[in-house]
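K.L.:
Here it is, the structure, as structure tokens.
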Amino acid sequence: MKEISCKLLVIGAGPGGYTCAIRAGQLGLDTVLVEARKPGGTCLNVGCIPSKALIHAADEFHKVSEIAKGESPLGISVSNPAFDLSKAVAWKDGIVGRLNSGVSGLLKRAKVKVVEGWAVFRDGKTVQVETELGTQVIRTENVVIATGSTAAQLPFLPFGGPVISSSEALDLAEVPGKLVVVGGGYIGLELGTAFAKLGSKITVVEAQDRILPLYDAELTRPVAKRLKELGVEILTGTAVKGLGKDDALLVEGPGAEPQAVAADRILVTVGRRPATEGWGLEAIDLDMDGRFIRIDDRCRTSMRGVYAIGDVTGEPMLAHRAMAQGEMVAEIIAGHRRAWDKVAIPAVCFTDPEIVAVGLSPDDAKAAGYDVKVGVFPFQANGRAMTLERDDGFVRVVARADNHVLLGIQAVGAGVAELSASFSLAVEMGSRLDDIAGTIHAHPTQSEGFLEAALKSLGRAIHV
Ligand code: FAD
Ligand code: NAD
């Protein structure tokens with residue numbers, strides 16, 4: 001096949017890679033994007049989007065099921081609700097398909113050349129791609145490595161048979177009767193909650209002494225309470241030993257005898273690993289940061305002209321971080337003066353209730369040496385939350401005591417994911433408590449919790 005030469009070659013069409021390629025194309029850079037699978041990467045095909053689709057389907061079914069039990073104070077009655085997982089999966093696949101086409105269309109409009117196949121480095125300026133039509137050699141001035149991540153396996157519990165990763169969990173033909181989730185982090189609890197709402201008996205096995213150890217205990221408490229209400233059993237401080245008789249999972253809790261937890265499926269969600277194998281990393285010998293590719297504040301690797309973005313470069317492994325890096329790198333390669341100067345990267349956990357965290361928690365802020373003001377407003381005192389039948393959770397602001405500049409904002413509550421934008425904006429813009437307190441927040445909305453938390457930290461809350 002004829003060799004291709006370009007200004008920019010992007011490897012991987014996940015949110016990092018496709019955003020980088022689209023922005024580069026918009027800036028007039030001659031750009032090639034290589035992807036072995038479908039455009040959109042983990043996020044669009046087996047991650048963010050399909051998981052949120054399944055969570056929504058589960059929420060809807062659960063709501064109707066609760067009403068059918070005669071537990072609705074709203075005067076609604078329903079009988080015999082039923083759920084067909086294969087239909088919900090087909091609906092989810094439709095959304096994924098629409099977005100795949102959307103990304104392809106955007107790449108085309110930006111005049112990005114897409115090569116389908118697996119890329120392997122020959123050297124820092126040359127990559128070969130195994131395509132259906134043969135080997136395509138691409139020579140480039142700049143390369144962006146955006147190869148993403150893959151699900152981590154436990155050596156004594158490899159994927160296969162009843163042991164599944166999140167990708168298989170999103171494509172099941174039927175709801176498992178008993179689902180054991182290993183790892184009570186993001187994926188385990190998002191999907192575990194969804195399957196609990198669809199009727200599975202869920203057991204979560206978490207090695208640490210509490211679920212979602214990434215977030216502070218105050219934020220995760222309402223999630224733990226809700227999981228209990230949903231009948232989810234949580235075994236914390238518990239080690240997994242392997243598979244036992246009849247595919248039961250052997251676990252050992254603190255000071256307890258080993259026990260077998262019966263399972264139809266075992267979903268292993270113990271983190272993700274950067275995808276650094278099989279594409280010739282050894283040929284370019286980049287400096288590493290543990291398992292991740294080491295980058296600087298411009299996403300430059302240790303080799304000139306070779307950049308890396310997204311999950312392959314480290315935590316937090318989030319789609320919006322990958323996208324922001326991709327956009328920045330395209331501009332840098334186009335000659336713009338850019339560097340990573342973000343104050344905070346928001347994190348949203350789509351559990352029930354949802355968790356949002358932007359910037360520093362009170363403990364983080366104190367550990368960083370700040371004298372802080374903290375304001376907490378409970379949704380129990382928020383009219384909108386009551387009208388939505390969900391007044392669990394709160395909004396919390398953390399600010400410097402001396403000048404009131406916001407250091408962090410967190411919330412836990414039903415639907416609070418949508419508050420993440422105003423939290424991020426406030427922190428990124430260096431807002432002070434007084435700016436939030438002086439901004440009219442529409443009534444009745446959950447966002448009034450943000451206003452009230454700021455007022456509370458200033459000692460002048462109205463509604464609490
Ligand atoms: P990826 O999306 O992993 O894309 C990398 C792409 O590179 C893949 O398509 C792969 O096929 C391709 N590739 C790799 N090597 C080669 C090669 N040699 N040649 C050609 N192509 C190659 N994040 C959030 O922010 N919010 C969420 O709600 C969220 N939910 C998630 C739910 C689940 C179940 C999972 C698994 C992840 C979730 N994430 C979420 C994380 C998010 O998906 C990742 O952070 C994001 O996809 C990383 O983007 P990326 O571009 O770095 O890599
Ligand atoms: P995670 O890091 O969120 O959680 C892994 C959990 O497994 C941790 O609580 C850890 O203590 C536990 N664990 C590790 N080894 C264990 C073992 N041997 N036995 C029992 N427990 C064990 O990882 P994840 O849930 O696999 O998600 C991977 C990444 O994907 C996340 O870190 C996040 O970056 C991304 N993600 C984000 C979202 C979102 O933004 N809403 C959703 C899903 C995934």
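Chain lettering (A, B, ...) mirrors the order of the structure tokens, residue numbering begins at 1 for each chain separately, and ligand numbering begins at 1 in order of display.
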Could you pull out the strand (DSSP E) residues of region 61-259 of chain A from DSSP and send them as a PDB file with N, CA and C atoms, in the first residue's frame?
P.N.:
```pdb
ATOM      1  N   LYS A 113      -8.384  12.097   8.166  1.00  0.00           N
ATOM      2  CA  LYS A 113      -8.379  10.791   7.482  1.00  0.00           C
ATOM      3  C   LYS A 113      -8.370   9.690   8.548  1.00  0.00           C
ATOM      4  N   VAL A 114      -9.358   8.807   8.480  1.00  0.00           N
ATOM      5  CA  VAL A 114      -9.436   7.727   9.477  1.00  0.00           C
ATOM      6  C   VAL A 114      -8.930   6.425   8.844  1.00  0.00           C
ATOM      7  N   VAL A 115      -7.985   5.774   9.525  1.00  0.00           N
ATOM      8  CA  VAL A 115      -7.485   4.477   9.067  1.00  0.00           C
ATOM      9  C   VAL A 115      -7.931   3.439  10.086  1.00  0.00           C
ATOM     10  N   GLU A 116      -8.631   2.414   9.599  1.00  0.00           N
ATOM     11  CA  GLU A 116      -9.125   1.364  10.511  1.00  0.00           C
ATOM     12  C   GLU A 116      -8.104   0.253  10.613  1.00  0.00           C
ATOM     13  N   TRP A 118      -4.953  -1.779  13.501  1.00  0.00           N
ATOM     14  CA  TRP A 118      -4.143  -1.737  14.725  1.00  0.00           C
ATOM     15  C   TRP A 118      -2.787  -1.105  14.400  1.00  0.00           C
ATOM     16  N   ALA A 119      -2.458  -0.030  15.121  1.00  0.00           N
ATOM     17  CA  ALA A 119      -1.217   0.701  14.855  1.00  0.00           C
ATOM     18  C   ALA A 119      -0.068   0.146  15.689  1.00  0.00           C
ATOM     19  N   VAL A 120       1.100   0.062  15.085  1.00  0.00           N
ATOM     20  CA  VAL A 120       2.311  -0.352  15.815  1.00  0.00           C
ATOM     21  C   VAL A 120       3.452   0.584  15.400  1.00  0.00           C
ATOM     22  N   PHE A 121       4.156   1.125  16.394  1.00  0.00           N
ATOM     23  CA  PHE A 121       5.286   2.014  16.101  1.00  0.00           C
ATOM     24  C   PHE A 121       6.456   1.233  15.502  1.00  0.00           C
ATOM     25  N   ARG A 122       7.025   1.801  14.440  1.00  0.00           N
ATOM     26  CA  ARG A 122       8.326   1.291  13.971  1.00  0.00           C
ATOM     27  C   ARG A 122       9.421   2.134  14.625  1.00  0.00           C
ATOM     28  N   ASP A 123       9.176   3.455  14.609  1.00  0.00           N
ATOM     29  CA  ASP A 123      10.041   4.391  15.335  1.00  0.00           C
ATOM     30  C   ASP A 123       9.172   5.601  15.681  1.00  0.00           C
ATOM     31  N   THR A 126       7.312   6.855  12.571  1.00  0.00           N
ATOM     32  CA  THR A 126       6.724   5.905  11.614  1.00  0.00           C
ATOM     33  C   THR A 126       5.887   4.863  12.342  1.00  0.00           C
ATOM     34  N   VAL A 127       4.688   4.679  11.801  1.00  0.00           N
ATOM     35  CA  VAL A 127       3.765   3.717  12.396  1.00  0.00           C
ATOM     36  C   VAL A 127       3.240   2.826  11.281  1.00  0.00           C
ATOM     37  N   GLN A 128       3.082   1.539  11.564  1.00  0.00           N
ATOM     38  CA  GLN A 128       2.421   0.696  10.558  1.00  0.00           C
ATOM     39  C   GLN A 128       1.091   0.220  11.112  1.00  0.00           C
ATOM     40  N   VAL A 129       0.122   0.173  10.201  1.00  0.00           N
ATOM     41  CA  VAL A 129      -1.226  -0.210  10.624  1.00  0.00           C
ATOM     42  C   VAL A 129      -1.652  -1.446   9.848  1.00  0.00           C
ATOM     43  N   GLU A 130      -2.087  -2.460  10.601  1.00  0.00           N
ATOM     44  CA  GLU A 130      -2.598  -3.666   9.927  1.00  0.00           C
ATOM     45  C   GLU A 130      -4.063  -3.410   9.593  1.00  0.00           C
ATOM     46  N   THR A 131      -4.351  -3.195   8.322  1.00  0.00           N
ATOM     47  CA  THR A 131      -5.733  -2.925   7.919  1.00  0.00           C
ATOM     48  C   THR A 131      -6.271  -4.153   7.177  1.00  0.00           C
ATOM     49  N   GLY A 134      -4.326  -4.671   4.016  1.00  0.00           N
ATOM     50  CA  GLY A 134      -2.878  -4.889   4.082  1.00  0.00           C
ATOM     51  C   GLY A 134      -2.210  -3.916   5.038  1.00  0.00           C
ATOM     52  N   THR A 135      -0.879  -3.868   4.983  1.00  0.00           N
ATOM     53  CA  THR A 135      -0.139  -3.020   5.922  1.00  0.00           C
ATOM     54  C   THR A 135      -0.027  -1.592   5.380  1.00  0.00           C
ATOM     55  N   GLN A 136      -0.480  -0.648   6.173  1.00  0.00           N
ATOM     56  CA  GLN A 136      -0.404   0.772   5.794  1.00  0.00           C
ATOM     57  C   GLN A 136       0.706   1.427   6.619  1.00  0.00           C
ATOM     58  N   VAL A 137       1.683   2.003   5.949  1.00  0.00           N
ATOM     59  CA  VAL A 137       2.746   2.708   6.662  1.00  0.00           C
ATOM     60  C   VAL A 137       2.412   4.194   6.678  1.00  0.00           C
ATOM     61  N   ILE A 138       2.547   4.799   7.855  1.00  0.00           N
ATOM     62  CA  ILE A 138       2.234   6.232   8.001  1.00  0.00           C
ATOM     63  C   ILE A 138       3.461   6.940   8.571  1.00  0.00           C
ATOM     64  N   ARG A 139       3.919   7.972   7.859  1.00  0.00           N
ATOM     65  CA  ARG A 139       5.024   8.791   8.382  1.00  0.00           C
ATOM     66  C   ARG A 139       4.445  10.122   8.848  1.00  0.00           C
ATOM     67  N   THR A 140       4.905  10.560   9.999  1.00  0.00           N
ATOM     68  CA  THR A 140       4.265  11.739  10.586  1.00  0.00           C
ATOM     69  C   THR A 140       5.272  12.642  11.290  1.00  0.00           C
ATOM     70  N   GLU A 141       4.931  13.926  11.369  1.00  0.00           N
ATOM     71  CA  GLU A 141       5.810  14.852  12.119  1.00  0.00           C
ATOM     72  C   GLU A 141       5.541  14.730  13.617  1.00  0.00           C
ATOM     73  N   ASN A 142       4.261  14.539  13.973  1.00  0.00           N
ATOM     74  CA  ASN A 142       3.864  14.449  15.395  1.00  0.00           C
ATOM     75  C   ASN A 142       2.933  13.250  15.595  1.00  0.00           C
ATOM     76  N   VAL A 143       3.049  12.619  16.743  1.00  0.00           N
ATOM     77  CA  VAL A 143       2.135  11.512  17.080  1.00  0.00           C
ATOM     78  C   VAL A 143       1.499  11.800  18.434  1.00  0.00           C
ATOM     79  N   VAL A 144       0.200  11.498  18.529  1.00  0.00           N
ATOM     80  CA  VAL A 144      -0.471  11.547  19.838  1.00  0.00           C
ATOM     81  C   VAL A 144      -0.899  10.122  20.173  1.00  0.00           C
ATOM     82  N   ILE A 145      -0.401   9.617  21.296  1.00  0.00           N
ATOM     83  CA  ILE A 145      -0.790   8.277  21.755  1.00  0.00           C
ATOM     84  C   ILE A 145      -2.021   8.446  22.641  1.00  0.00           C
ATOM     85  N   SER A 149      -7.319   2.598  28.046  1.00  0.00           N
ATOM     86  CA  SER A 149      -7.102   1.642  29.132  1.00  0.00           C
ATOM     87  C   SER A 149      -7.962   0.407  28.922  1.00  0.00           C
ATOM     88  N   THR A 150      -7.652  -0.623  29.674  1.00  0.00           N
ATOM     89  CA  THR A 150      -8.454  -1.858  29.630  1.00  0.00           C
ATOM     90  C   THR A 150      -8.769  -2.295  31.075  1.00  0.00           C
ATOM     91  N   ALA A 151      -9.782  -3.131  31.218  1.00  0.00           N
ATOM     92  CA  ALA A 151     -10.186  -3.580  32.559  1.00  0.00           C
ATOM     93  C   ALA A 151      -9.074  -4.407  33.198  1.00  0.00           C
ATOM     94  N   VAL A 163     -17.005 -15.189  35.073  1.00  0.00           N
ATOM     95  CA  VAL A 163     -16.263 -13.992  35.517  1.00  0.00           C
ATOM     96  C   VAL A 163     -16.214 -12.980  34.368  1.00  0.00           C
ATOM     97  N   ILE A 164     -16.849 -11.827  34.586  1.00  0.00           N
ATOM     98  CA  ILE A 164     -17.003 -10.868  33.477  1.00  0.00           C
ATOM     99  C   ILE A 164     -16.442  -9.498  33.854  1.00  0.00           C
ATOM    100  N   LYS A 178     -28.038 -13.906  40.748  1.00  0.00           N
ATOM    101  CA  LYS A 178     -27.083 -13.521  41.797  1.00  0.00           C
ATOM    102  C   LYS A 178     -25.847 -12.953  41.112  1.00  0.00           C
ATOM    103  N   LEU A 179     -25.564 -11.697  41.395  1.00  0.00           N
ATOM    104  CA  LEU A 179     -24.390 -11.051  40.798  1.00  0.00           C
ATOM    105  C   LEU A 179     -23.455 -10.620  41.918  1.00  0.00           C
ATOM    106  N   VAL A 180     -22.237 -11.152  41.881  1.00  0.00           N
ATOM    107  CA  VAL A 180     -21.236 -10.727  42.860  1.00  0.00           C
ATOM    108  C   VAL A 180     -20.318  -9.738  42.174  1.00  0.00           C
ATOM    109  N   VAL A 181     -20.143  -8.586  42.798  1.00  0.00           N
ATOM    110  CA  VAL A 181     -19.315  -7.525  42.228  1.00  0.00           C
ATOM    111  C   VAL A 181     -18.034  -7.442  43.044  1.00  0.00           C
ATOM    112  N   VAL A 182     -16.900  -7.616  42.391  1.00  0.00           N
ATOM    113  CA  VAL A 182     -15.613  -7.509  43.090  1.00  0.00           C
ATOM    114  C   VAL A 182     -15.057  -6.118  42.821  1.00  0.00           C
ATOM    115  N   LYS A 201     -29.752 -10.182  42.930  1.00  0.00           N
ATOM    116  CA  LYS A 201     -29.265 -10.152  44.321  1.00  0.00           C
ATOM    117  C   LYS A 201     -27.774  -9.812  44.215  1.00  0.00           C
ATOM    118  N   ILE A 202     -27.417  -8.626  44.749  1.00  0.00           N
ATOM    119  CA  ILE A 202     -26.038  -8.147  44.578  1.00  0.00           C
ATOM    120  C   ILE A 202     -25.241  -8.290  45.869  1.00  0.00           C
ATOM    121  N   THR A 203     -24.028  -8.825  45.735  1.00  0.00           N
ATOM    122  CA  THR A 203     -23.061  -8.784  46.835  1.00  0.00           C
ATOM    123  C   THR A 203     -21.834  -8.050  46.312  1.00  0.00           C
ATOM    124  N   VAL A 204     -21.422  -7.009  47.027  1.00  0.00           N
ATOM    125  CA  VAL A 204     -20.220  -6.268  46.628  1.00  0.00           C
ATOM    126  C   VAL A 204     -19.090  -6.669  47.574  1.00  0.00           C
ATOM    127  N   VAL A 205     -17.961  -7.079  46.984  1.00  0.00           N
ATOM    128  CA  VAL A 205     -16.792  -7.452  47.787  1.00  0.00           C
ATOM    129  C   VAL A 205     -15.736  -6.372  47.584  1.00  0.00           C
ATOM    130  N   GLU A 233     -25.785  -6.372  49.477  1.00  0.00           N
ATOM    131  CA  GLU A 233     -24.926  -6.759  50.599  1.00  0.00           C
ATOM    132  C   GLU A 233     -23.509  -6.281  50.304  1.00  0.00           C
ATOM    133  N   ILE A 234     -22.902  -5.639  51.292  1.00  0.00           N
ATOM    134  CA  ILE A 234     -21.551  -5.118  51.065  1.00  0.00           C
ATOM    135  C   ILE A 234     -20.589  -5.761  52.045  1.00  0.00           C
ATOM    136  N   LEU A 235     -19.561  -6.410  51.488  1.00  0.00           N
ATOM    137  CA  LEU A 235     -18.534  -7.020  52.335  1.00  0.00           C
ATOM    138  C   LEU A 235     -17.274  -6.171  52.186  1.00  0.00           C
ATOM    139  N   ALA A 239     -11.078  -9.974  51.273  1.00  0.00           N
ATOM    140  CA  ALA A 239     -10.174 -10.403  50.199  1.00  0.00           C
ATOM    141  C   ALA A 239     -10.827 -11.511  49.386  1.00  0.00           C
ATOM    142  N   VAL A 240     -10.603 -11.459  48.086  1.00  0.00           N
ATOM    143  CA  VAL A 240     -11.119 -12.491  47.190  1.00  0.00           C
ATOM    144  C   VAL A 240     -10.055 -13.567  47.052  1.00  0.00           C
ATOM    145  N   LYS A 241     -10.466 -14.829  47.168  1.00  0.00           N
ATOM    146  CA  LYS A 241      -9.502 -15.932  47.100  1.00  0.00           C
ATOM    147  C   LYS A 241      -9.535 -16.683  45.779  1.00  0.00           C
ATOM    148  N   GLY A 242     -10.674 -16.617  45.071  1.00  0.00           N
ATOM    149  CA  GLY A 242     -10.782 -17.341  43.802  1.00  0.00           C
ATOM    150  C   GLY A 242     -12.136 -18.014  43.685  1.00  0.00           C
ATOM    151  N   LEU A 243     -12.258 -18.856  42.647  1.00  0.00           N
ATOM    152  CA  LEU A 243     -13.526 -19.546  42.403  1.00  0.00           C
ATOM    153  C   LEU A 243     -13.602 -20.831  43.209  1.00  0.00           C
ATOM    154  N   LEU A 249     -17.913 -17.586  44.690  1.00  0.00           N
ATOM    155  CA  LEU A 249     -16.696 -16.812  44.912  1.00  0.00           C
ATOM    156  C   LEU A 249     -16.221 -17.021  46.347  1.00  0.00           C
ATOM    157  N   LEU A 250     -14.946 -17.416  46.476  1.00  0.00           N
ATOM    158  CA  LEU A 250     -14.386 -17.619  47.815  1.00  0.00           C
ATOM    159  C   LEU A 250     -13.808 -16.305  48.317  1.00  0.00           C
ATOM    160  N   VAL A 251     -14.270 -15.864  49.481  1.00  0.00           N
ATOM    161  CA  VAL A 251     -13.807 -14.588  50.035  1.00  0.00           C
ATOM    162  C   VAL A 251     -13.435 -14.769  51.501  1.00  0.00           C
ATOM    163  N   GLU A 252     -12.611 -13.842  51.982  1.00  0.00           N
ATOM    164  CA  GLU A 252     -12.219 -13.911  53.394  1.00  0.00           C
ATOM    165  C   GLU A 252     -12.300 -12.515  53.990  1.00  0.00           C
ATOM    166  N   GLN A 259     -15.448 -17.755  53.240  1.00  0.00           N
ATOM    167  CA  GLN A 259     -16.814 -18.179  52.908  1.00  0.00           C
ATOM    168  C   GLN A 259     -17.003 -18.179  51.402  1.00  0.00           C
TER     169      GLN A 259
END
```
K.L.:
Taking only residues of chain A that have an atom at most 8 Å from an atom of ligand 2, what is each one's shortest atom pair and its distance in Å to one decimal, using only C-alpha atoms and all ligand atoms, in chain and number order, as JSON lines?
P.N.:
```
{"residue": "A:Gly47", "atom": "CA", "partner": "ligand 2", "partner_atom_place_in_ligand_line": "43 (C)", "distance": 6.9}
{"residue": "A:Cys48", "atom": "CA", "partner": "ligand 2", "partner_atom_place_in_ligand_line": "42 (C)", "distance": 6.3}
{"residue": "A:Ala151", "atom": "CA", "partner": "ligand 2", "partner_atom_place_in_ligand_line": "26 (O)", "distance": 6.7}
{"residue": "A:Ala152", "atom": "CA", "partner": "ligand 2", "partner_atom_place_in_ligand_line": "26 (O)", "distance": 7.3}
{"residue": "A:Leu154", "atom": "CA", "partner": "ligand 2", "partner_atom_place_in_ligand_line": "18 (N)", "distance": 6.6}
{"residue": "A:Val182", "atom": "CA", "partner": "ligand 2", "partner_atom_place_in_ligand_line": "20 (C)", "distance": 5.1}
{"residue": "A:Gly183", "atom": "CA", "partner": "ligand 2", "partner_atom_place_in_ligand_line": "7 (O)", "distance": 3.3}
{"residue": "A:Gly184", "atom": "CA", "partner": "ligand 2", "partner_atom_place_in_ligand_line": "9 (O)", "distance": 4.6}
{"residue": "A:Gly185", "atom": "CA", "partner": "ligand 2", "partner_atom_place_in_ligand_line": "4 (O)", "distance": 3.2}
{"residue": "A:Tyr186", "atom": "CA", "partner": "ligand 2", "partner_atom_place_in_ligand_line": "25 (O)", "distance": 3.8}
{"residue": "A:Ile187", "atom": "CA", "partner": "ligand 2", "partner_atom_place_in_ligand_line": "25 (O)", "distance": 3.6}
{"residue": "A:Gly188", "atom": "CA", "partner": "ligand 2", "partner_atom_place_in_ligand_line": "25 (O)", "distance": 5.2}
{"residue": "A:Leu189", "atom": "CA", "partner": "ligand 2", "partner_atom_place_in_ligand_line": "25 (O)", "distance": 7.4}
{"residue": "A:Glu190", "atom": "CA", "partner": "ligand 2", "partner_atom_place_in_ligand_line": "42 (C)", "distance": 7.0}
{"residue": "A:Val205", "atom": "CA", "partner": "ligand 2", "partner_atom_place_in_ligand_line": "20 (C)", "distance": 5.4}
{"residue": "A:Glu206", "atom": "CA", "partner": "ligand 2", "partner_atom_place_in_ligand_line": "21 (N)", "distance": 3.9}
{"residue": "A:Ala207", "atom": "CA", "partner": "ligand 2", "partner_atom_place_in_ligand_line": "21 (N)", "distance": 4.0}
{"residue": "A:Gln208", "atom": "CA", "partner": "ligand 2", "partner_atom_place_in_ligand_line": "11 (O)", "distance": 5.0}
{"residue": "A:Arg210", "atom": "CA", "partner": "ligand 2", "partner_atom_place_in_ligand_line": "9 (O)", "distance": 7.9}
{"residue": "A:Ile211", "atom": "CA", "partner": "ligand 2", "partner_atom_place_in_ligand_line": "9 (O)", "distance": 6.0}
{"residue": "A:Leu212", "atom": "CA", "partner": "ligand 2", "partner_atom_place_in_ligand_line": "9 (O)", "distance": 5.3}
{"residue": "A:Pro213", "atom": "CA", "partner": "ligand 2", "partner_atom_place_in_ligand_line": "9 (O)", "distance": 5.6}
{"residue": "A:Leu214", "atom": "CA", "partner": "ligand 2", "partner_atom_place_in_ligand_line": "9 (O)", "distance": 7.3}
{"residue": "A:Thr238", "atom": "CA", "partner": "ligand 2", "partner_atom_place_in_ligand_line": "20 (C)", "distance": 6.6}
{"residue": "A:Ala239", "atom": "CA", "partner": "ligand 2", "partner_atom_place_in_ligand_line": "19 (N)", "distance": 5.4}
{"residue": "A:Val240", "atom": "CA", "partner": "ligand 2", "partner_atom_place_in_ligand_line": "19 (N)", "distance": 5.5}
{"residue": "A:Val268", "atom": "CA", "partner": "ligand 2", "partner_atom_place_in_ligand_line": "26 (O)", "distance": 7.6}
{"residue": "A:Thr269", "atom": "CA", "partner": "ligand 2", "partner_atom_place_in_ligand_line": "26 (O)", "distance": 3.9}
{"residue": "A:Val270", "atom": "CA", "partner": "ligand 2", "partner_atom_place_in_ligand_line": "7 (O)", "distance": 3.6}
{"residue": "A:Gly271", "atom": "CA", "partner": "ligand 2", "partner_atom_place_in_ligand_line": "26 (O)", "distance": 3.2}
{"residue": "A:Arg272", "atom": "CA", "partner": "ligand 2", "partner_atom_place_in_ligand_line": "28 (C)", "distance": 4.8}
{"residue": "A:Glu315", "atom": "CA", "partner": "ligand 2", "partner_atom_place_in_ligand_line": "34 (O)", "distance": 6.8}
{"residue": "A:Pro316", "atom": "CA", "partner": "ligand 2", "partner_atom_place_in_ligand_line": "34 (O)", "distance": 5.3}
{"residue": "A:Met317", "atom": "CA", "partner": "ligand 2", "partner_atom_place_in_ligand_line": "34 (O)", "distance": 3.7}
{"residue": "A:Leu318", "atom": "CA", "partner": "ligand 2", "partner_atom_place_in_ligand_line": "34 (O)", "distance": 5.0}
{"residue": "A:Ala319", "atom": "CA", "partner": "ligand 2", "partner_atom_place_in_ligand_line": "40 (O)", "distance": 7.5}
{"residue": "A:Ala347", "atom": "CA", "partner": "ligand 2", "partner_atom_place_in_ligand_line": "40 (O)", "distance": 5.9}
{"residue": "A:Val348", "atom": "CA", "partner": "ligand 2", "partner_atom_place_in_ligand_line": "41 (N)", "distance": 5.0}
{"residue": "A:Cys349", "atom": "CA", "partner": "ligand 2", "partner_atom_place_in_ligand_line": "41 (N)", "distance": 4.1}
{"residue": "A:Phe350", "atom": "CA", "partner": "ligand 2", "partner_atom_place_in_ligand_line": "41 (N)", "distance": 5.3}
```
K.L.:
I need the residue nearest ligand 1 from this list: A:Ala411, A:Val78, A:Ala146, A:Ala110. Use only C-alpha atoms and all ligand atoms for the distance.
P.N.:
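Checking each of A:Ala411, A:Val78, A:Ala146, A:Ala110 against ligand 1, counting only C-alpha atoms and all ligand atoms, the winner is A:Ala146.
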K.L.:
Using only C-alpha atoms, determine which residues lie at most 12 Å from Lys456 (chain A), disregarding the query and same-chain residues fewer than 3 positions distant; provide the list as a count of residues only.
P.N.:
27
K.L.:
For ligand 1, which of A:Asp297, A:Glu60, A:Asp171, A:Asp216 is the closest residue, counting only C-alpha atoms and all ligand atoms?
P.N.:
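Once distances to ligand 1 are computed over only C-alpha atoms and all ligand atoms, the minimum belongs to A:Asp171.
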K.L.:
Write out as a list in words each polymer residue whose atoms come within 12 Å of Ser200 (chain A), counting only C-alpha atoms; drop sequence neighbours fewer than 6 positions from it.
P.N.:
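In the requested form, the answer reads Ala58, His62, Glu174, Val175, Pro176, Gly177, Lys178, Leu179, Val180, Val181, Leu191, Gly192, Thr193, Ala194, Leu230, Gly231, Val232, Glu233, Ala263, Asp264 and Arg265 of chain A.
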K.L.:
Between A:Lys63, A:Arg304, A:His404, A:Lys52, single out the one closest to Lys197 (chain A), counting only C-alpha atoms.
P.N.:
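Smallest separation from Lys197 (chain A) among the options: A:Lys63.
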K.L.:
For ligand 1, which residue among A:His320, A:Arg298, A:Lys111, A:Arg273 is the nearest when counting only C-alpha atoms and all ligand atoms?
P.N.:
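The closest residue to ligand 1 is A:His320.
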K.L.:
Using only C-alpha atoms, which of A:Thr147, A:Gln153, A:Thr445, A:Asn403 sits nearest Gly17 (chain A)?
P.N.:
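Result for the nearest residue to Gly17 (chain A): A:Thr147.
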K.L.:
With distances taken over only C-alpha atoms and all ligand atoms, which residue among A:Ile355, A:Leu267, A:Cys20, A:Cys43 lies nearest ligand 1?
P.N.:
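For ligand 1, the nearest of the given residues is A:Cys43.
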K.L.:
As an exercise, work out the distance from CA of Ala13 (chain A) to atom 17 (C, counted along the ligand's line) of ligand 1 in Å and give it to one decimal place.
P.N.:
9.3 Å
K.L.:
Determine, counting only C-alpha atoms, which protein, DNA and RNA residues have an atom within 12 Å of an atom of Gln325 (chain A); residues of the same chain fewer than 5 positions away are not included. Present the result as a VMD selection string.
P.N.:
chain A and resid 15 to 21 23 144 to 146 295 to 300 307 to 314 317 to 320 330 to 332 338 to 342 345
K.L.:
Give me, please, the distance in Å between CA of Ala248 (chain A) and CA of Leu198 (chain A), quoted to one decimal.
P.N.:
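These atoms are spaced 21.4 Å apart.
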K.L.:
Near Gly415 (chain A), within 12 Å and counting only C-alpha atoms, which residues show up once chain neighbours fewer than 6 positions away are dropped, as a compact mmCIF listing (two decimals) with C-alpha atoms, in the first residue's frame?
P.N.:
```
# COMPACT_ATOMS: atom_id res chain seq x y z
CA HIS A 56 -31.44 4.96 33.28
CA ASP A 59 -34.04 3.57 37.35
CA VAL A 348 -19.19 12.44 39.03
CA CYS A 349 -20.22 9.03 40.28
CA PHE A 350 -23.55 7.92 38.81
CA THR A 351 -24.61 5.89 41.82
CA ASP A 352 -27.94 6.43 43.56
CA PRO A 353 -27.73 9.09 44.88
CA GLU A 354 -25.13 10.60 42.57
CA ILE A 355 -21.90 12.10 43.87
CA VAL A 356 -20.16 15.17 42.47
CA PHE A 379 -31.47 18.58 50.59
CA ARG A 384 -37.32 20.95 44.81
CA ALA A 385 -35.72 17.85 46.32
CA LEU A 388 -38.79 14.93 43.44
CA GLU A 389 -39.34 12.58 46.42
CA ARG A 390 -35.58 12.59 47.07
CA ASP A 391 -34.39 14.78 49.88
CA ASP A 392 -31.36 12.65 50.81
CA GLY A 393 -27.90 14.18 50.44
CA PHE A 394 -26.38 17.64 50.63
CA THR A 445 -34.10 23.97 41.96
CA GLN A 446 -31.57 21.73 43.67
CA SER A 447 -28.97 24.34 42.72
```
